[in-house]
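Below is one structure; the comments refer to it alone.
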Amino acid sequence: MRRLVALLLGGALLLAACRGGGSASDAGTSASRSAEASSGADASAPAPRAEPGDPLHDSERAMAERLRGLFPGIEPTQRRIGLDELLVGQVPDGIPSIDAPRFVEASDAEAWLDGVEPVVVLEIAGDARAYPLQILMWHEIVNDVVGGTPVAVTFCPLCNTAITFERAVDGKPREFGVSGLLRRSDLVMYDRTANSLWQQITGEAIVGVDAGARLAFVPSVIASFEEFRKAYPDGQVLSRDTGFSRDYGRNPYSGYDEVGSGTLFRVAEFDDGRLDAKERVLTVELEGDAVAFPFGALSSRVVIESEVAGQPVVAFWQSGAVSALDESFIVGSRNVGSAAAYRPLLDGGRLTFEAVDGKIIDMETASTWDVFGRGVDGPLAGRALEPLPSGNHFWFAWSVFQPETRVVPGDEG
């Protein structure tokens with residue numbers, strides 16, 4: 001119970017800070033409301049999947065009116081979910097997105113970013129950038145242009161989910177903000193350009209004119225800052241000069257990722273006993289087939305090969321990155337490592353991989369590979385595997401949206 005109260009207070013303090021301040025009594029009131037939400041929100045089964053234009057159910061009407069007030073111009077009947085699945089936790093933009101990001105050289109970031117700290121690593125057309133979770137923790141969305149591609153780099157602390165999207169719909173860039181809404185504990189983004197709400201973990205528009213559309217995923221990896229520096233010595237790092245005053249480096253969700261600690265907001269649909277709700281998983285979904293690689297298995301094996309939708313897939317794990325959701329200050333948190341998935345194909349041939357003395361080695365040429373899918377030593381040094389859109393999530397966050405997911409190893413038969 002004490003841990004739950006601490007988590008709720010931490011969440012309330014984050015909300016208060018993102019509003020630009022607030023008294024201790026304000027934070028306590030927010031924590032009380034959050035406690036009420038955690039005991040009842042998301043507790044009823046969701047309405048059947050809606051079609052845009054369907055009449056509102058009685059259980060949806062109150063939320064529909066709230067959405068009209070929060071997002072002028074949105075039409076709640078244009079939806080793909082039951083509106084009663086949504087929880088209002090904050091006002092729109094109460095957690096401010098970064099819309100004009102600034103970047104610094106990695107050498108300059110060393111003054112405030114430790115080598116073990118986790119960063120979202122994104123590389124497009126030779127343009128490599130790192131987005132520290134110590135900054136994303138307080139902003140959740142960065143609207144950026146990388147390698148000429150408009151992207152949204154997103155992070156939901158409640159789900160430990162970092163996902164990058166192309167932020168263009170029908171060829172036109174969109175700008176995304178933090179809606180203040182949650183669905184199944186996951187961040188709901190809102191499109192300032194077209195008045196639509198989007199589910200972060202699926203990339204689907206769930207309410208508004210774009211309901212049913214999906215954003216394209218862009219492969220990215222959560223890795224340590226040190227690994228980013230080694231792989232991309234000329235890469236850029238998102239600056240702390242965001243235009244906002246935040247306690248960057250502090251984790252307001254201290255202890256949240258502890259196995260067995262439960263979720264901050266109840267997720268009634270989650271009832272999967274294969275893994276603990278807070279187990280970290282690397283997920284891959286292709287053509288409707290979804291696979292999850294638990295970090296527990298990855299950290300002991302380093303390499304796991306499997307198939308998704310009949311296609312070969314290899315998952316790599318590498319030590320070094322600490323959790324962003326463990327200790328009060330990220331730098332002091334425990335090592336959870338990094339993971340990513342790739343097609344094990346090169347020049348039309350299949351590569352097979354094994355872990356040798358903790359290194360990732362292909363059996364065909366004995367070349368060494370890193371977690372970014374790049375050959376770093378041996379005959380294939382300088383070559384790269386094709387990255388697959390994958391995600392690092394808490395198990396509850398992924399499985400509640402993809403309940404048919406296979407766990408590998410575990411569900412191979």
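Following the order of the structure tokens, first chain is A, next is B, and so on, with residues numbered from 1 inside each chain and ligands from 1 in the order they appear.
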Cut-off 12 Å: closest region 307-410 of chain A/region 163-176 of chain A atom pairs per residue, using only C-alpha atoms, as a Markdown table:
| residue | atom | partner | partner_atom | distance |
| --- | --- | --- | --- | --- |
| A:Pro389 | CA | A:Ile163 | CA | 9.0 |
| A:Ser390 | CA | A:Ile163 | CA | 8.3 |
| A:Gly391 | CA | A:Ile163 | CA | 6.5 |
| A:Asn392 | CA | A:Ile163 | CA | 8.4 |
| A:His393 | CA | A:Ile163 | CA | 9.7 |
Report task. List every residue of region 131-334 of chain A that DSSP, applied to the backbone of this structure, assigns to strand (DSSP E), and report them as a PyMOL selection string. Result -> chain A and resi 131-132+141-146+149-156+161-166+168-169+172-173+176-183+186-191+196-199+204-208+217-218+221-224+236-238+280-286+289-294+303-308+311-318
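Closest to Leu275 (chain A) among A:Gly410, A:Gly320, A:Gly332, A:Gly249 is A:Gly410, based on only C-alpha atoms.
For the pair CA of Asp241 (chain A) and CA of Val104 (chain A), the interatomic distance is 9.6 Å.
For Ser338 (chain A), the set of protein, DNA and RNA residues having any atom at most 10 Å away, when counting only C-alpha atoms and skipping those fewer than 5 positions along the same chain, is Pro118, Val221, Ile222, Ala223, Ser224, Glu227, Leu282, Phe295, Leu298, Ser299, Phe316, Trp317, Gln318, Ser319, Gly320, Ala321, Val322, Ser323, Val371, Phe372 and Asn392 of chain A.
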